[in-house]
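Structure file entry.tsv with TSV, N, CA and C atoms:
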```tsv
chain	number	residue	atom	x	y	z
A	148	MET	N	35.46	13.58	-73.48
A	148	MET	CA	36.09	12.75	-74.49
A	148	MET	C	37.61	12.91	-74.37
A	149	GLU	N	38.28	11.79	-74.46
A	149	GLU	CA	39.74	11.76	-74.34
A	149	GLU	C	40.38	12.45	-75.55
A	150	ASN	N	41.43	13.21	-75.29
A	150	ASN	CA	42.15	13.91	-76.34
A	150	ASN	C	43.30	13.05	-76.83
A	151	PHE	N	43.31	12.71	-78.10
A	151	PHE	CA	44.35	11.86	-78.67
A	151	PHE	C	45.35	12.64	-79.51
A	152	ASN	N	45.20	13.95	-79.62
A	152	ASN	CA	46.15	14.74	-80.40
A	152	ASN	C	47.55	14.57	-79.80
A	153	GLY	N	48.53	14.29	-80.68
A	153	GLY	CA	49.90	14.07	-80.24
A	153	GLY	C	50.20	12.64	-79.85
A	154	THR	N	49.23	11.75	-79.99
A	154	THR	CA	49.41	10.34	-79.63
A	154	THR	C	49.98	9.56	-80.81
A	155	ILE	N	50.92	8.67	-80.51
A	155	ILE	CA	51.47	7.78	-81.54
A	155	ILE	C	50.39	6.77	-81.91
A	156	ALA	N	50.26	6.51	-83.20
A	156	ALA	CA	49.22	5.58	-83.67
A	156	ALA	C	49.77	4.71	-84.80
A	157	LEU	N	49.12	3.60	-84.98
A	157	LEU	CA	49.43	2.68	-86.06
A	157	LEU	C	48.29	2.77	-87.07
A	158	VAL	N	48.64	3.03	-88.31
A	158	VAL	CA	47.64	3.20	-89.36
A	158	VAL	C	47.73	2.02	-90.31
A	159	SER	N	46.58	1.39	-90.54
A	159	SER	CA	46.56	0.28	-91.49
A	159	SER	C	45.92	0.77	-92.78
A	160	GLU	N	46.70	0.71	-93.85
A	160	GLU	CA	46.18	1.09	-95.16
A	160	GLU	C	45.53	-0.14	-95.78
A	161	ILE	N	44.27	-0.01	-96.08
A	161	ILE	CA	43.50	-1.14	-96.59
A	161	ILE	C	43.24	-0.94	-98.07
A	162	ASN	N	43.50	-1.99	-98.84
A	162	ASN	CA	43.29	-1.95	-100.28
A	162	ASN	C	42.51	-3.21	-100.67
A	163	GLY	N	41.29	-3.05	-101.08
A	163	GLY	CA	40.48	-4.20	-101.48
A	163	GLY	C	40.16	-5.12	-100.32
A	164	GLY	N	40.00	-4.57	-99.11
A	164	GLY	CA	39.66	-5.36	-97.95
A	164	GLY	C	40.85	-6.06	-97.29
A	165	VAL	N	42.06	-5.87	-97.85
A	165	VAL	CA	43.26	-6.49	-97.32
A	165	VAL	C	44.19	-5.40	-96.80
A	166	VAL	N	44.79	-5.65	-95.63
A	166	VAL	CA	45.74	-4.68	-95.09
A	166	VAL	C	46.97	-4.65	-95.99
A	167	LYS	N	47.22	-3.49	-96.59
A	167	LYS	CA	48.32	-3.33	-97.53
A	167	LYS	C	49.64	-3.10	-96.78
A	168	GLN	N	49.64	-2.18	-95.86
A	168	GLN	CA	50.83	-1.92	-95.06
A	168	GLN	C	50.41	-1.18	-93.80
A	169	MET	N	51.31	-1.18	-92.82
A	169	MET	CA	51.04	-0.47	-91.58
A	169	MET	C	52.10	0.61	-91.42
A	170	GLN	N	51.65	1.79	-91.00
A	170	GLN	CA	52.55	2.91	-90.81
A	170	GLN	C	52.38	3.48	-89.42
A	171	ILE	N	53.44	4.11	-88.93
A	171	ILE	CA	53.40	4.74	-87.62
A	171	ILE	C	53.34	6.25	-87.83
A	172	GLY	N	52.44	6.90	-87.13
A	172	GLY	CA	52.31	8.35	-87.24
A	172	GLY	C	51.82	8.95	-85.94
A	173	ILE	N	51.63	10.25	-85.96
A	173	ILE	CA	51.14	10.99	-84.80
A	173	ILE	C	49.77	11.56	-85.15
A	174	ILE	N	48.82	11.37	-84.24
A	174	ILE	CA	47.48	11.92	-84.45
A	174	ILE	C	47.56	13.43	-84.28
A	175	SER	N	47.13	14.16	-85.32
A	175	SER	CA	47.16	15.62	-85.24
A	175	SER	C	45.77	16.24	-85.13
A	176	ALA	N	44.74	15.51	-85.53
A	176	ALA	CA	43.37	16.01	-85.38
A	176	ALA	C	42.40	14.84	-85.53
A	177	VAL	N	41.30	14.91	-84.78
A	177	VAL	CA	40.28	13.87	-84.83
A	177	VAL	C	38.92	14.54	-84.98
A	178	ASP	N	38.12	14.06	-85.93
A	178	ASP	CA	36.75	14.52	-86.08
A	178	ASP	C	35.82	13.30	-86.01
A	179	PRO	N	35.34	12.97	-84.79
A	179	PRO	CA	34.53	11.76	-84.64
A	179	PRO	C	33.20	11.83	-85.40
A	180	LEU	N	32.65	13.02	-85.58
A	180	LEU	CA	31.37	13.12	-86.30
A	180	LEU	C	31.52	12.80	-87.78
A	181	LEU	N	32.67	13.16	-88.35
A	181	LEU	CA	32.94	12.82	-89.76
A	181	LEU	C	33.64	11.48	-89.89
A	182	GLY	N	34.14	10.95	-88.76
A	182	GLY	CA	34.84	9.67	-88.78
A	182	GLY	C	36.21	9.75	-89.42
A	183	LYS	N	36.87	10.89	-89.27
A	183	LYS	CA	38.17	11.11	-89.91
A	183	LYS	C	39.23	11.47	-88.87
A	184	VAL	N	40.47	11.08	-89.19
A	184	VAL	CA	41.62	11.36	-88.34
A	184	VAL	C	42.75	11.87	-89.22
A	185	ASP	N	43.37	12.96	-88.83
A	185	ASP	CA	44.56	13.46	-89.51
A	185	ASP	C	45.78	12.88	-88.82
A	186	ILE	N	46.65	12.28	-89.62
A	186	ILE	CA	47.88	11.66	-89.11
A	186	ILE	C	49.07	12.35	-89.78
A	187	THR	N	50.07	12.69	-88.97
A	187	THR	CA	51.31	13.25	-89.49
A	187	THR	C	52.40	12.19	-89.34
A	188	PHE	N	53.13	11.96	-90.42
A	188	PHE	CA	54.18	10.95	-90.43
A	188	PHE	C	55.55	11.59	-90.25
A	189	ALA	N	56.57	10.78	-90.07
A	189	ALA	CA	57.92	11.26	-89.82
A	189	ALA	C	58.42	12.20	-90.92
A	190	SER	N	57.95	11.99	-92.14
A	190	SER	CA	58.34	12.84	-93.27
A	190	SER	C	57.62	14.18	-93.25
A	191	LEU	N	56.79	14.40	-92.21
A	191	LEU	CA	55.94	15.59	-92.04
A	191	LEU	C	54.79	15.63	-93.04
A	192	GLN	N	54.59	14.53	-93.75
A	192	GLN	CA	53.44	14.40	-94.64
A	192	GLN	C	52.21	14.17	-93.77
A	193	LYS	N	51.12	14.84	-94.10
A	193	LYS	CA	49.88	14.72	-93.34
A	193	LYS	C	48.82	14.08	-94.24
A	194	GLU	N	48.18	13.04	-93.70
A	194	GLU	CA	47.12	12.35	-94.46
A	194	GLU	C	45.91	12.16	-93.57
A	195	GLN	N	44.76	11.98	-94.22
A	195	GLN	CA	43.53	11.75	-93.48
A	195	GLN	C	43.08	10.31	-93.67
A	196	PHE	N	42.66	9.69	-92.56
A	196	PHE	CA	42.24	8.30	-92.58
A	196	PHE	C	40.89	8.16	-91.88
A	197	ALA	N	40.22	7.06	-92.16
A	197	ALA	CA	38.98	6.73	-91.45
A	197	ALA	C	39.34	6.26	-90.04
A	198	LEU	N	38.45	6.48	-89.09
A	198	LEU	CA	38.69	6.10	-87.70
A	198	LEU	C	39.08	4.63	-87.54
A	199	HIS	N	38.45	3.75	-88.31
A	199	HIS	CA	38.72	2.31	-88.15
A	199	HIS	C	40.12	1.91	-88.64
A	200	GLN	N	40.80	2.79	-89.37
A	200	GLN	CA	42.14	2.48	-89.86
A	200	GLN	C	43.22	2.87	-88.86
A	201	VAL	N	42.86	3.65	-87.85
A	201	VAL	CA	43.84	4.18	-86.90
A	201	VAL	C	43.71	3.41	-85.59
A	202	HIS	N	44.84	2.89	-85.09
A	202	HIS	CA	44.85	2.08	-83.88
A	202	HIS	C	45.81	2.68	-82.86
A	203	VAL	N	45.37	2.67	-81.60
A	203	VAL	CA	46.20	3.16	-80.49
A	203	VAL	C	46.42	2.01	-79.52
A	204	LEU	N	47.52	2.09	-78.78
A	204	LEU	CA	47.85	1.03	-77.83
A	204	LEU	C	46.79	0.91	-76.74
A	205	LYS	N	46.52	-0.32	-76.36
A	205	LYS	CA	45.68	-0.57	-75.21
A	205	LYS	C	46.40	-0.07	-73.97
A	206	ASP	N	45.66	0.17	-72.93
A	206	ASP	CA	46.24	0.51	-71.64
A	206	ASP	C	47.18	-0.63	-71.24
A	207	ARG	N	48.32	-0.30	-70.65
A	207	ARG	CA	49.33	-1.32	-70.33
A	207	ARG	C	48.81	-2.35	-69.35
A	208	HIS	N	47.95	-1.94	-68.42
A	208	HIS	CA	47.39	-2.89	-67.46
A	208	HIS	C	46.42	-3.86	-68.15
A	209	SER	N	45.63	-3.33	-69.07
A	209	SER	CA	44.70	-4.18	-69.82
A	209	SER	C	45.45	-5.20	-70.66
A	210	LEU	N	46.53	-4.74	-71.32
A	210	LEU	CA	47.31	-5.66	-72.14
A	210	LEU	C	47.97	-6.72	-71.27
A	211	TYR	N	48.48	-6.34	-70.12
A	211	TYR	CA	49.11	-7.30	-69.22
A	211	TYR	C	48.09	-8.34	-68.76
A	212	GLN	N	46.90	-7.89	-68.36
A	212	GLN	CA	45.85	-8.82	-67.92
A	212	GLN	C	45.48	-9.79	-69.05
A	213	LEU	N	45.39	-9.26	-70.25
A	213	LEU	CA	45.09	-10.10	-71.42
A	213	LEU	C	46.18	-11.14	-71.63
A	214	LEU	N	47.43	-10.73	-71.51
A	214	LEU	CA	48.55	-11.67	-71.69
A	214	LEU	C	48.52	-12.77	-70.63
A	215	MET	N	48.19	-12.42	-69.42
A	215	MET	CA	48.18	-13.41	-68.34
A	215	MET	C	46.97	-14.34	-68.41
A	216	SER	N	45.84	-13.82	-68.85
A	216	SER	CA	44.62	-14.64	-68.87
A	216	SER	C	44.47	-15.47	-70.15
A	217	ALA	N	45.06	-15.01	-71.25
A	217	ALA	CA	44.86	-15.71	-72.53
A	217	ALA	C	46.17	-16.21	-73.11
A	218	SER	N	47.17	-16.40	-72.29
A	218	SER	CA	48.49	-16.78	-72.81
A	218	SER	C	48.47	-18.09	-73.60
A	219	GLY	N	47.62	-19.02	-73.21
A	219	GLY	CA	47.53	-20.30	-73.90
A	219	GLY	C	46.95	-20.21	-75.30
A	220	SER	N	46.15	-19.19	-75.55
A	220	SER	CA	45.50	-19.07	-76.86
A	220	SER	C	46.23	-18.13	-77.82
A	221	ILE	N	47.31	-17.50	-77.34
A	221	ILE	CA	48.08	-16.59	-78.18
A	221	ILE	C	49.30	-17.34	-78.72
A	222	PRO	N	49.51	-17.33	-80.04
A	222	PRO	CA	50.68	-18.00	-80.60
A	222	PRO	C	51.97	-17.47	-79.95
A	223	LEU	N	52.95	-18.34	-79.78
A	223	LEU	CA	54.17	-18.02	-79.05
A	223	LEU	C	54.86	-16.76	-79.59
A	224	GLY	N	54.99	-16.65	-80.90
A	224	GLY	CA	55.65	-15.47	-81.50
A	224	GLY	C	54.92	-14.18	-81.15
A	225	ASP	N	53.60	-14.22	-81.23
A	225	ASP	CA	52.80	-13.04	-80.86
A	225	ASP	C	52.92	-12.75	-79.37
A	226	PHE	N	52.92	-13.81	-78.55
A	226	PHE	CA	53.04	-13.62	-77.11
A	226	PHE	C	54.35	-12.90	-76.77
A	227	LYS	N	55.44	-13.33	-77.39
A	227	LYS	CA	56.74	-12.69	-77.14
A	227	LYS	C	56.71	-11.23	-77.56
A	228	THR	N	56.15	-10.97	-78.73
A	228	THR	CA	56.05	-9.59	-79.21
A	228	THR	C	55.19	-8.75	-78.26
A	229	LEU	N	54.05	-9.29	-77.85
A	229	LEU	CA	53.15	-8.56	-76.96
A	229	LEU	C	53.79	-8.32	-75.59
A	230	PHE	N	54.55	-9.28	-75.12
A	230	PHE	CA	55.22	-9.12	-73.84
A	230	PHE	C	56.28	-8.00	-73.93
A	231	LYS	N	57.02	-7.97	-75.04
A	231	LYS	CA	58.00	-6.89	-75.26
A	231	LYS	C	57.30	-5.54	-75.34
A	232	VAL	N	56.18	-5.50	-76.05
A	232	VAL	CA	55.40	-4.26	-76.16
A	232	VAL	C	54.97	-3.80	-74.77
A	233	ASN	N	54.50	-4.73	-73.95
A	233	ASN	CA	54.04	-4.38	-72.62
A	233	ASN	C	55.20	-3.87	-71.75
A	234	MET	N	56.37	-4.47	-71.88
A	234	MET	CA	57.54	-4.00	-71.13
A	234	MET	C	57.93	-2.59	-71.59
A	235	LEU	N	57.85	-2.33	-72.89
A	235	LEU	CA	58.15	-0.99	-73.40
A	235	LEU	C	57.13	0.03	-72.90
A	236	GLN	N	55.86	-0.39	-72.81
A	236	GLN	CA	54.83	0.50	-72.26
A	236	GLN	C	55.15	0.87	-70.82
A	237	ASP	N	55.68	-0.07	-70.07
A	237	ASP	CA	56.03	0.20	-68.67
A	237	ASP	C	57.08	1.29	-68.56
A	238	ARG	N	57.99	1.35	-69.53
A	238	ARG	CA	58.99	2.42	-69.51
A	238	ARG	C	58.31	3.77	-69.70
A	239	GLY	N	57.32	3.81	-70.59
A	239	GLY	CA	56.47	4.99	-70.73
A	239	GLY	C	57.02	6.18	-71.49
A	240	ASP	N	58.30	6.19	-71.82
A	240	ASP	CA	58.81	7.36	-72.54
A	240	ASP	C	58.48	7.23	-74.03
A	241	PRO	N	58.45	8.36	-74.74
A	241	PRO	CA	58.07	8.33	-76.16
A	241	PRO	C	58.91	7.40	-77.03
A	242	SER	N	60.22	7.31	-76.77
A	242	SER	CA	61.04	6.42	-77.60
A	242	SER	C	60.69	4.96	-77.37
A	243	ALA	N	60.33	4.60	-76.14
A	243	ALA	CA	59.92	3.23	-75.85
A	243	ALA	C	58.60	2.91	-76.54
A	244	LEU	N	57.67	3.87	-76.53
A	244	LEU	CA	56.38	3.65	-77.22
A	244	LEU	C	56.58	3.53	-78.72
A	245	LEU	N	57.50	4.32	-79.26
A	245	LEU	CA	57.79	4.20	-80.69
A	245	LEU	C	58.39	2.83	-81.00
A	246	ASP	N	59.28	2.34	-80.13
A	246	ASP	CA	59.84	1.00	-80.30
A	246	ASP	C	58.73	-0.06	-80.26
A	247	ALA	N	57.76	0.12	-79.37
A	247	ALA	CA	56.64	-0.82	-79.27
A	247	ALA	C	55.86	-0.84	-80.58
A	248	PHE	N	55.60	0.32	-81.13
A	248	PHE	CA	54.87	0.38	-82.41
A	248	PHE	C	55.69	-0.22	-83.55
A	249	GLN	N	57.02	-0.06	-83.50
A	249	GLN	CA	57.86	-0.67	-84.53
A	249	GLN	C	57.72	-2.19	-84.50
A	250	LEU	N	57.66	-2.77	-83.31
A	250	LEU	CA	57.45	-4.22	-83.20
A	250	LEU	C	56.10	-4.62	-83.79
A	251	LEU	N	55.07	-3.84	-83.47
A	251	LEU	CA	53.71	-4.17	-83.92
A	251	LEU	C	53.52	-3.94	-85.42
A	252	LYS	N	54.26	-3.02	-85.96
A	252	LYS	CA	54.14	-2.68	-87.39
A	252	LYS	C	54.36	-3.91	-88.27
A	253	PHE	N	55.25	-4.81	-87.82
A	253	PHE	CA	55.58	-5.97	-88.63
A	253	PHE	C	54.89	-7.24	-88.15
A	254	SER	N	53.95	-7.09	-87.24
A	254	SER	CA	53.20	-8.24	-86.74
A	254	SER	C	51.71	-7.88	-86.63
A	255	PRO	N	50.99	-7.95	-87.76
A	255	PRO	CA	49.58	-7.57	-87.73
A	255	PRO	C	48.74	-8.33	-86.71
A	256	SER	N	49.05	-9.62	-86.50
A	256	SER	CA	48.26	-10.39	-85.54
A	256	SER	C	48.51	-9.90	-84.10
A	257	ALA	N	49.74	-9.55	-83.78
A	257	ALA	CA	50.04	-9.00	-82.45
A	257	ALA	C	49.45	-7.59	-82.33
A	258	ALA	N	49.51	-6.82	-83.41
A	258	ALA	CA	48.94	-5.46	-83.40
A	258	ALA	C	47.44	-5.50	-83.14
A	259	ALA	N	46.77	-6.51	-83.67
A	259	ALA	CA	45.32	-6.64	-83.46
A	259	ALA	C	45.00	-6.87	-81.99
A	260	VAL	N	45.90	-7.52	-81.27
A	260	VAL	CA	45.69	-7.79	-79.84
A	260	VAL	C	46.08	-6.58	-78.99
A	261	ALA	N	47.17	-5.91	-79.34
A	261	ALA	CA	47.75	-4.86	-78.50
A	261	ALA	C	47.13	-3.48	-78.70
A	262	THR	N	46.33	-3.33	-79.74
A	262	THR	CA	45.77	-2.01	-80.03
A	262	THR	C	44.24	-2.06	-80.10
A	263	ASP	N	43.68	-0.87	-80.02
A	263	ASP	CA	42.24	-0.68	-80.19
A	263	ASP	C	42.02	0.28	-81.34
A	264	PRO	N	40.98	0.06	-82.16
A	264	PRO	CA	40.66	1.06	-83.16
A	264	PRO	C	40.27	2.37	-82.46
A	265	LEU	N	40.71	3.48	-83.00
A	265	LEU	CA	40.46	4.77	-82.37
A	265	LEU	C	38.97	5.04	-82.20
A	266	GLY	N	38.18	4.61	-83.15
A	266	GLY	CA	36.73	4.82	-83.07
A	266	GLY	C	36.11	4.17	-81.83
A	267	GLU	N	36.62	2.98	-81.48
A	267	GLU	CA	36.13	2.30	-80.27
A	267	GLU	C	36.53	3.06	-79.02
A	268	ARG	N	37.77	3.53	-78.98
A	268	ARG	CA	38.26	4.24	-77.81
A	268	ARG	C	37.53	5.57	-77.61
A	269	LEU	N	37.12	6.17	-78.72
A	269	LEU	CA	36.39	7.44	-78.64
A	269	LEU	C	34.90	7.24	-78.41
A	270	HIS	N	34.44	5.99	-78.47
A	270	HIS	CA	33.02	5.67	-78.33
A	270	HIS	C	32.20	6.44	-79.38
A	271	VAL	N	32.66	6.35	-80.62
A	271	VAL	CA	32.05	7.10	-81.72
A	271	VAL	C	30.58	6.76	-81.90
A	272	ALA	N	30.21	5.50	-81.73
A	272	ALA	CA	28.80	5.12	-81.90
A	272	ALA	C	27.92	5.91	-80.93
A	273	GLU	N	28.39	6.08	-79.70
A	273	GLU	CA	27.63	6.85	-78.70
A	273	GLU	C	27.58	8.33	-79.07
A	274	ILE	N	28.69	8.87	-79.56
A	274	ILE	CA	28.74	10.28	-79.96
A	274	ILE	C	27.76	10.54	-81.09
A	275	LEU	N	27.76	9.64	-82.08
A	275	LEU	CA	26.85	9.81	-83.22
A	275	LEU	C	25.40	9.68	-82.79
A	276	GLN	N	25.13	8.75	-81.87
A	276	GLN	CA	23.77	8.58	-81.38
A	276	GLN	C	23.31	9.84	-80.65
A	277	GLN	N	24.17	10.43	-79.82
A	277	GLN	CA	23.82	11.65	-79.11
A	277	GLN	C	23.63	12.81	-80.07
A	278	ALA	N	24.46	12.87	-81.11
A	278	ALA	CA	24.32	13.94	-82.10
A	278	ALA	C	22.99	13.81	-82.84
A	279	ASN	N	22.57	12.58	-83.13
A	279	ASN	CA	21.30	12.37	-83.81
A	279	ASN	C	20.13	12.71	-82.91
A	280	LEU	N	20.27	12.49	-81.59
A	280	LEU	CA	19.21	12.86	-80.66
A	280	LEU	C	19.04	14.36	-80.58
A	281	HIS	N	20.14	15.09	-80.66
A	281	HIS	CA	20.07	16.55	-80.55
A	281	HIS	C	19.69	17.19	-81.88
A	282	HIS	N	20.00	16.53	-82.98
A	282	HIS	CA	19.72	17.07	-84.31
A	282	HIS	C	19.06	16.00	-85.18
A	283	PRO	N	17.81	15.64	-84.87
A	283	PRO	CA	17.16	14.58	-85.66
A	283	PRO	C	16.99	14.99	-87.12
A	284	LYS	N	17.04	13.99	-87.99
A	284	LYS	CA	16.82	14.26	-89.42
A	284	LYS	C	15.36	14.62	-89.62
A	285	ARG	N	15.16	15.53	-90.55
A	285	ARG	CA	13.79	15.98	-90.81
A	285	ARG	C	13.20	15.30	-91.99
```

Please, can you express the file's structure as structure tokens?
Amino acid sequence: MENFNGTIALVSEINGGVVKQMQIGIISAVDPLLGKVDITFASLQKEQFALHQVHVLKDRHSLYQLLMSASGSIPLGDFKTLFKVNMLQDRGDPSALLDAFQLLKFSPSAAAVATDPLGERLHVAEILQQANLHHPKR
């Protein structure tokens, strides 16, 4: 399983089924069996979120392929944002990745394209299925 501790992430706070705001933080701990992620923010405040609320950047090659293959179906504003995000990913340094997340923070539709929910990246459904096979309910 991939280790995401120390990874920059975008957290969507959901209130009544609607995204209230998006925040940028660092993943400090992940518990896929409980479906929880600890995120530390710039203020050093630590909060726990559900896996589906935490999003990490797609691989830069995957995002580039998506941009090239689906450019006609992506709104122009989102395409520009996603292209900038992809260029920042190419730089690869932490400040460039933080800049990429800053762009996505204010564009939920672009963020939905450029990121994956952490639960999907961790293959949580498979982990839970394997855990149930090893420890069936009685």

Give the centre and edge lengths of an axis-aligned box, in Å to one decimal, that holds all listed atoms of region 233-248 of chain A with 3 Å on each side, as AutoDock Vina command-line options.
```
--center_x 57.5 --center_y 1.8 --center_z -76.1 --size_x 13.0 --size_y 19.1 --size_z 21.0
```

Let's see if you can do this: from backbone DSSP, list all alpha helix (DSSP H) residues in region 206-266 of chain A, as a compact mmCIF listing (two decimals) with N, CA and C atoms, in the frame of the given file.
```txt
# COMPACT_ATOMS: atom_id res chain seq x y z
N ARG A 207 48.32 -0.30 -70.65
CA ARG A 207 49.33 -1.32 -70.33
C ARG A 207 48.81 -2.35 -69.35
N HIS A 208 47.95 -1.94 -68.42
CA HIS A 208 47.39 -2.89 -67.46
C HIS A 208 46.42 -3.86 -68.15
N SER A 209 45.63 -3.33 -69.07
CA SER A 209 44.70 -4.18 -69.82
C SER A 209 45.45 -5.20 -70.66
N LEU A 210 46.53 -4.74 -71.32
CA LEU A 210 47.31 -5.66 -72.14
C LEU A 210 47.97 -6.72 -71.27
N TYR A 211 48.48 -6.34 -70.12
CA TYR A 211 49.11 -7.30 -69.22
C TYR A 211 48.09 -8.34 -68.76
N GLN A 212 46.90 -7.89 -68.36
CA GLN A 212 45.85 -8.82 -67.92
C GLN A 212 45.48 -9.79 -69.05
N LEU A 213 45.39 -9.26 -70.25
CA LEU A 213 45.09 -10.10 -71.42
C LEU A 213 46.18 -11.14 -71.63
N LEU A 214 47.43 -10.73 -71.51
CA LEU A 214 48.55 -11.67 -71.69
C LEU A 214 48.52 -12.77 -70.63
N MET A 215 48.19 -12.42 -69.42
CA MET A 215 48.18 -13.41 -68.34
C MET A 215 46.97 -14.34 -68.41
N SER A 216 45.84 -13.82 -68.85
CA SER A 216 44.62 -14.64 -68.87
C SER A 216 44.47 -15.47 -70.15
N LEU A 223 52.95 -18.34 -79.78
CA LEU A 223 54.17 -18.02 -79.05
C LEU A 223 54.86 -16.76 -79.59
N GLY A 224 54.99 -16.65 -80.90
CA GLY A 224 55.65 -15.47 -81.50
C GLY A 224 54.92 -14.18 -81.15
N ASP A 225 53.60 -14.22 -81.23
CA ASP A 225 52.80 -13.04 -80.86
C ASP A 225 52.92 -12.75 -79.37
N PHE A 226 52.92 -13.81 -78.55
CA PHE A 226 53.04 -13.62 -77.11
C PHE A 226 54.35 -12.90 -76.77
N LYS A 227 55.44 -13.33 -77.39
CA LYS A 227 56.74 -12.69 -77.14
C LYS A 227 56.71 -11.23 -77.56
N THR A 228 56.15 -10.97 -78.73
CA THR A 228 56.05 -9.59 -79.21
C THR A 228 55.19 -8.75 -78.26
N LEU A 229 54.05 -9.29 -77.85
CA LEU A 229 53.15 -8.56 -76.96
C LEU A 229 53.79 -8.32 -75.59
N PHE A 230 54.55 -9.28 -75.12
CA PHE A 230 55.22 -9.12 -73.84
C PHE A 230 56.28 -8.00 -73.93
N LYS A 231 57.02 -7.97 -75.04
CA LYS A 231 58.00 -6.89 -75.26
C LYS A 231 57.30 -5.54 -75.34
N VAL A 232 56.18 -5.50 -76.05
CA VAL A 232 55.40 -4.26 -76.16
C VAL A 232 54.97 -3.80 -74.77
N ASN A 233 54.50 -4.73 -73.95
CA ASN A 233 54.04 -4.38 -72.62
C ASN A 233 55.20 -3.87 -71.75
N MET A 234 56.37 -4.47 -71.88
CA MET A 234 57.54 -4.00 -71.13
C MET A 234 57.93 -2.59 -71.59
N LEU A 235 57.85 -2.33 -72.89
CA LEU A 235 58.15 -0.99 -73.40
C LEU A 235 57.13 0.03 -72.90
N GLN A 236 55.86 -0.39 -72.81
CA GLN A 236 54.83 0.50 -72.26
C GLN A 236 55.15 0.87 -70.82
N ASP A 237 55.68 -0.07 -70.07
CA ASP A 237 56.03 0.20 -68.67
C ASP A 237 57.08 1.29 -68.56
N ARG A 238 57.99 1.35 -69.53
CA ARG A 238 58.99 2.42 -69.51
C ARG A 238 58.31 3.77 -69.70
N PRO A 241 58.45 8.36 -74.74
CA PRO A 241 58.07 8.33 -76.16
C PRO A 241 58.91 7.40 -77.03
N SER A 242 60.22 7.31 -76.77
CA SER A 242 61.04 6.42 -77.60
C SER A 242 60.69 4.96 -77.37
N ALA A 243 60.33 4.60 -76.14
CA ALA A 243 59.92 3.23 -75.85
C ALA A 243 58.60 2.91 -76.54
N LEU A 244 57.67 3.87 -76.53
CA LEU A 244 56.38 3.65 -77.22
C LEU A 244 56.58 3.53 -78.72
N LEU A 245 57.50 4.32 -79.26
CA LEU A 245 57.79 4.20 -80.69
C LEU A 245 58.39 2.83 -81.00
N ASP A 246 59.28 2.34 -80.13
CA ASP A 246 59.84 1.00 -80.30
C ASP A 246 58.73 -0.06 -80.26
N ALA A 247 57.76 0.12 -79.37
CA ALA A 247 56.64 -0.82 -79.27
C ALA A 247 55.86 -0.84 -80.58
N PHE A 248 55.60 0.32 -81.13
CA PHE A 248 54.87 0.38 -82.41
C PHE A 248 55.69 -0.22 -83.55
N GLN A 249 57.02 -0.06 -83.50
CA GLN A 249 57.86 -0.67 -84.53
C GLN A 249 57.72 -2.19 -84.50
N LEU A 250 57.66 -2.77 -83.31
CA LEU A 250 57.45 -4.22 -83.20
C LEU A 250 56.10 -4.62 -83.79
N LEU A 251 55.07 -3.84 -83.47
CA LEU A 251 53.71 -4.17 -83.92
C LEU A 251 53.52 -3.94 -85.42
N LYS A 252 54.26 -3.02 -85.96
CA LYS A 252 54.14 -2.68 -87.39
C LYS A 252 54.36 -3.91 -88.27
N PRO A 255 50.99 -7.95 -87.76
CA PRO A 255 49.58 -7.57 -87.73
C PRO A 255 48.74 -8.33 -86.71
N SER A 256 49.05 -9.62 -86.50
CA SER A 256 48.26 -10.39 -85.54
C SER A 256 48.51 -9.90 -84.10
N ALA A 257 49.74 -9.55 -83.78
CA ALA A 257 50.04 -9.00 -82.45
C ALA A 257 49.45 -7.59 -82.33
N ALA A 258 49.51 -6.82 -83.41
CA ALA A 258 48.94 -5.46 -83.40
C ALA A 258 47.44 -5.50 -83.14
N ALA A 259 46.77 -6.51 -83.67
CA ALA A 259 45.32 -6.64 -83.46
C ALA A 259 45.00 -6.87 -81.99
N VAL A 260 45.90 -7.52 -81.27
CA VAL A 260 45.69 -7.79 -79.84
C VAL A 260 46.08 -6.58 -78.99
N ALA A 261 47.17 -5.91 -79.34
CA ALA A 261 47.75 -4.86 -78.50
C ALA A 261 47.13 -3.48 -78.70
N LEU A 265 40.71 3.48 -83.00
CA LEU A 265 40.46 4.77 -82.37
C LEU A 265 38.97 5.04 -82.20
N GLY A 266 38.18 4.61 -83.15
CA GLY A 266 36.73 4.82 -83.07
C GLY A 266 36.11 4.17 -81.83
```

Practice problem: Write out as a list in words the residues lying within 6 Å of Asn152 (chain A), counting only N, CA and C atoms and excluding same-chain residues fewer than 3 positions away. | Solution: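 With the cut-off at 6 Å, the set is Ile174, Ser175 and Ala176 of chain A.
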
Quiz item: Can you list every residue in chain A that DSSP puts in strand (DSSP E), as a PyMOL selection string?
Solution: chain A and resi 155-162+165-178+183-187+193-197+201-204+262-264

Using only N, CA and C atoms, find each residue of region 206-280 of chain A with at least one atom at most 6 Å away from an atom of region 192-199 of chain A; report its shortest atom-to-atom pair and that distance in Å (one decimal), sort the rows by chain and rising residue number, and return the result as a Markdown table.
```
| residue | atom | partner | partner_atom | distance |
| --- | --- | --- | --- | --- |
| A:Pro264 | CA | A:His199 | CA | 5.5 |
| A:Leu265 | N | A:Leu198 | C | 5.0 |
| A:Gly266 | N | A:Leu198 | C | 4.5 |
```

Let me see the file: selected residues, N, CA and C atoms, as a PDB file, in the frame of the given file.
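The file below, result01.pdb, is the result:
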```pdb
ATOM      1  N   PRO A 264      40.980   0.060 -82.160  1.00  0.00           N
ATOM      2  CA  PRO A 264      40.660   1.060 -83.160  1.00  0.00           C
ATOM      3  C   PRO A 264      40.270   2.370 -82.460  1.00  0.00           C
ATOM      4  N   LEU A 265      40.710   3.480 -83.000  1.00  0.00           N
ATOM      5  CA  LEU A 265      40.460   4.770 -82.370  1.00  0.00           C
ATOM      6  C   LEU A 265      38.970   5.040 -82.200  1.00  0.00           C
ATOM      7  N   GLY A 266      38.180   4.610 -83.150  1.00  0.00           N
ATOM      8  CA  GLY A 266      36.730   4.820 -83.070  1.00  0.00           C
ATOM      9  C   GLY A 266      36.110   4.170 -81.830  1.00  0.00           C
TER      10      GLY A 266
END
```

Self-check item: Counting all atoms listed in the file, the option among A:Leu210, A:Gln168, A:Lys205, A:Val232 closest to Phe248 (chain A)
Solution: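 With all atoms listed in the file as the atom set, the closest residue is A:Val232.
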